[in-house]
Amino acid sequence: MGFSDADMMGRGGKTGSGRQASESQENQMRRERLRKLALETVDLNKDPYFMRNHLGTYECKLCLTIHTNEGNYLAHTQGKRHQQNIARRLAKDAFEQQGLHPGASKTDPKTQKKVAKIGRPGYRVTKQKCADSEQRSLLFLIDFPEIEEGLQPRHRFMSAYEQRVEPADKSYQYILVAAEPYETIAFKVPNQEIDTTASKFFTNWDFENKTFTLQIHFKNKKEGGGGGGGGG
């Protein structure tokens, strides 16, 4: 016995609706399996982007999202948005590392080594003014208690047009300081010429206390205009 077109339309639903529902259920089950697996295997204390706030909820410092529980946060880390932001962060770090080693080859295995970042180092910045020369100066003290053995922090100056984090402003330049396994940090300073004489430009690595010191003096405007300094 055959069926008319009207019978088929009445008996059936939308073409493929059952398959779509099945795929949706499979995706939900897959996310749940990943969430449970992550709960069993991931140590959130080692996640640099995981933070519990004063309200008792959880935040992703990378994506600036809020989550009600650890499982929800871990499900977020498996998602497309979080993975894309991690890829952007890694690309930014690679760019900054390449900037600190401008002569290094892209295939140099030393620049290709992947190191798990543990966050930003602690630092203190003090503004000063020389009583004799009336030059303004900045003193940077940066702590690297977990720096890799045998390494010393590196620094360099970057123009506003080299960076891609914020709109370029010719009135400023940046000082980058890097030391694995920490994230590279950048200080935004006035784009005035740096006095590089020995008594005005000072760097020191305190191996025992793991503290990096950098002091810079700006030339007075009558001495020189804009322009950055050297690297270390």
# chains A, B, ... in the order shown; residues from 1 in each chain; ligands from 1

call {"tool": "closest_atom_pairs", "arguments": {"of": "region 114-226 of chain A", "to": "region 45-62 of chain A", "cutoff": "12 Å", "atoms": "only C-alpha atoms", "output": "CSV"}}
result
residue,atom,partner,partner_atom,distance
A:Ala116,CA,A:Pro48,CA,9.5
A:Lys117,CA,A:Pro48,CA,7.6
A:Ile118,CA,A:Pro48,CA,5.9
A:Gly119,CA,A:Pro48,CA,5.9
A:Arg120,CA,A:Pro48,CA,9.3
A:Pro181,CA,A:Pro48,CA,11.7
A:Tyr182,CA,A:Pro48,CA,10.5
A:Glu183,CA,A:Pro48,CA,10.3

call {"tool": "select_by_dssp", "arguments": {"residues": "region 151-184 of chain A", "states": "strand (DSSP E or B)", "output": "PyMOL selection string"}}
result
chain A and resi 154-159+172-178

call {"tool": "closest_residue", "arguments": {"among": "A:Thr203, A:Asn69, A:Phe95, A:Met29", "to": "Glu162 (chain A)", "atoms": "only C-alpha atoms"}}
result
A:Phe95

call {"tool": "residues_around", "arguments": {"residues": "Gln173 (chain A)", "least_positions_apart": "5", "cutoff": "9 Å", "atoms": "only C-alpha atoms", "output": "VMD selection string"}}
result
chain A and resid 157 to 161 187 to 192 227 to 228

call {"tool": "write_last_selection", "arguments": {"atoms": "all heavy atoms", "output": "mmCIF file, in the first residue's frame"}}
result
data_model
loop_
_atom_site.group_PDB
_atom_site.id
_atom_site.type_symbol
_atom_site.label_atom_id
_atom_site.label_comp_id
_atom_site.auth_asym_id
_atom_site.auth_seq_id
_atom_site.Cartn_x
_atom_site.Cartn_y
_atom_site.Cartn_z
ATOM 1 N N PHE A 157 64.585 47.943 24.971
ATOM 2 C CA PHE A 157 63.626 49.016 24.726
ATOM 3 C C PHE A 157 62.853 48.713 23.444
ATOM 4 O O PHE A 157 63.409 48.195 22.477
ATOM 5 C CB PHE A 157 64.341 50.366 24.600
ATOM 6 C CG PHE A 157 64.839 50.902 25.908
ATOM 7 C CD1 PHE A 157 66.026 50.447 26.446
ATOM 8 C CD2 PHE A 157 64.106 51.854 26.606
ATOM 9 C CE1 PHE A 157 66.496 50.930 27.660
ATOM 10 C CE2 PHE A 157 64.570 52.342 27.822
ATOM 11 C CZ PHE A 157 65.764 51.886 28.352
ATOM 12 N N MET A 158 61.570 49.046 23.446
ATOM 13 C CA MET A 158 60.716 48.820 22.278
ATOM 14 C C MET A 158 59.945 50.108 21.969
ATOM 15 O O MET A 158 59.401 50.746 22.878
ATOM 16 C CB MET A 158 59.730 47.679 22.543
ATOM 17 C CG MET A 158 58.692 47.486 21.440
ATOM 18 S SD MET A 158 57.438 46.235 21.852
ATOM 19 C CE MET A 158 58.380 44.745 21.491
ATOM 20 N N SER A 159 59.916 50.479 20.709
ATOM 21 C CA SER A 159 59.168 51.673 20.329
ATOM 22 C C SER A 159 57.666 51.375 20.338
ATOM 23 O O SER A 159 57.246 50.211 20.287
ATOM 24 C CB SER A 159 59.581 52.146 18.938
ATOM 25 O OG SER A 159 58.999 51.329 17.938
ATOM 26 N N ALA A 160 56.881 52.419 20.386
ATOM 27 C CA ALA A 160 55.422 52.253 20.406
ATOM 28 C C ALA A 160 54.918 51.613 19.121
ATOM 29 O O ALA A 160 53.843 51.013 19.102
ATOM 30 C CB ALA A 160 54.757 53.610 20.620
ATOM 31 N N TYR A 161 55.701 51.710 18.040
ATOM 32 C CA TYR A 161 55.256 51.178 16.757
ATOM 33 C C TYR A 161 55.600 49.698 16.587
ATOM 34 O O TYR A 161 55.100 49.046 15.671
ATOM 35 C CB TYR A 161 55.873 52.001 15.620
ATOM 36 C CG TYR A 161 55.463 53.453 15.687
ATOM 37 C CD1 TYR A 161 56.305 54.412 16.257
ATOM 38 C CD2 TYR A 161 54.224 53.873 15.214
ATOM 39 C CE1 TYR A 161 55.921 55.740 16.347
ATOM 40 C CE2 TYR A 161 53.836 55.197 15.288
ATOM 41 C CZ TYR A 161 54.682 56.133 15.863
ATOM 42 O OH TYR A 161 54.298 57.446 15.951
ATOM 43 N N PHE A 187 57.045 47.869 30.618
ATOM 44 C CA PHE A 187 56.796 49.120 31.325
ATOM 45 C C PHE A 187 56.686 50.242 30.292
ATOM 46 O O PHE A 187 57.563 50.395 29.437
ATOM 47 C CB PHE A 187 57.929 49.418 32.302
ATOM 48 C CG PHE A 187 58.106 48.379 33.382
ATOM 49 C CD1 PHE A 187 59.068 47.386 33.253
ATOM 50 C CD2 PHE A 187 57.289 48.380 34.504
ATOM 51 C CE1 PHE A 187 59.222 46.422 34.240
ATOM 52 C CE2 PHE A 187 57.442 47.420 35.501
ATOM 53 C CZ PHE A 187 58.406 46.435 35.364
ATOM 54 N N LYS A 188 55.618 50.998 30.378
ATOM 55 C CA LYS A 188 55.377 52.110 29.460
ATOM 56 C C LYS A 188 55.988 53.372 30.056
ATOM 57 O O LYS A 188 55.592 53.808 31.145
ATOM 58 C CB LYS A 188 53.871 52.281 29.255
ATOM 59 C CG LYS A 188 53.477 53.302 28.198
ATOM 60 C CD LYS A 188 51.957 53.286 28.039
ATOM 61 C CE LYS A 188 51.516 54.265 26.960
ATOM 62 N NZ LYS A 188 50.034 54.216 26.779
ATOM 63 N N VAL A 189 56.970 53.953 29.359
ATOM 64 C CA VAL A 189 57.687 55.117 29.888
ATOM 65 C C VAL A 189 57.700 56.218 28.835
ATOM 66 O O VAL A 189 57.484 55.962 27.644
ATOM 67 C CB VAL A 189 59.138 54.749 30.288
ATOM 68 C CG1 VAL A 189 59.133 53.645 31.338
ATOM 69 C CG2 VAL A 189 59.954 54.323 29.066
ATOM 70 N N PRO A 190 57.961 57.482 29.239
ATOM 71 C CA PRO A 190 58.003 58.579 28.263
ATOM 72 C C PRO A 190 59.050 58.327 27.176
ATOM 73 O O PRO A 190 60.121 57.777 27.438
ATOM 74 C CB PRO A 190 58.378 59.791 29.128
ATOM 75 C CG PRO A 190 57.910 59.439 30.503
ATOM 76 C CD PRO A 190 58.139 57.965 30.630
ATOM 77 N N ASN A 191 58.738 58.745 25.987
ATOM 78 C CA ASN A 191 59.653 58.553 24.860
ATOM 79 C C ASN A 191 60.656 59.707 24.797
ATOM 80 O O ASN A 191 60.708 60.468 23.840
ATOM 81 C CB ASN A 191 58.866 58.457 23.550
ATOM 82 C CG ASN A 191 59.764 58.076 22.389
ATOM 83 O OD1 ASN A 191 60.784 57.420 22.571
ATOM 84 N ND2 ASN A 191 59.397 58.492 21.192
ATOM 85 N N GLN A 192 61.463 59.802 25.857
ATOM 86 C CA GLN A 192 62.552 60.777 25.895
ATOM 87 C C GLN A 192 63.874 60.030 25.775
ATOM 88 O O GLN A 192 63.974 58.844 26.107
ATOM 89 C CB GLN A 192 62.534 61.553 27.209
ATOM 90 C CG GLN A 192 61.363 62.512 27.360
ATOM 91 C CD GLN A 192 61.409 63.247 28.683
ATOM 92 O OE1 GLN A 192 60.454 63.230 29.455
ATOM 93 N NE2 GLN A 192 62.535 63.886 28.949
ATOM 94 N N GLY A 227 63.434 59.516 21.665
ATOM 95 C CA GLY A 227 64.317 58.421 21.266
ATOM 96 C C GLY A 227 64.579 57.510 22.431
ATOM 97 O O GLY A 227 64.627 57.951 23.566
ATOM 98 N N GLY A 228 64.752 56.234 22.165
ATOM 99 C CA GLY A 228 64.904 55.250 23.221
ATOM 100 C C GLY A 228 66.344 54.972 23.559
ATOM 101 O O GLY A 228 67.270 55.617 23.074
#

call {"tool": "closest_residue", "arguments": {"among": "A:Arg30, A:His217, A:Arg88, A:Lys129", "to": "Lys200 (chain A)", "atoms": "only C-alpha atoms"}}
result
A:His217
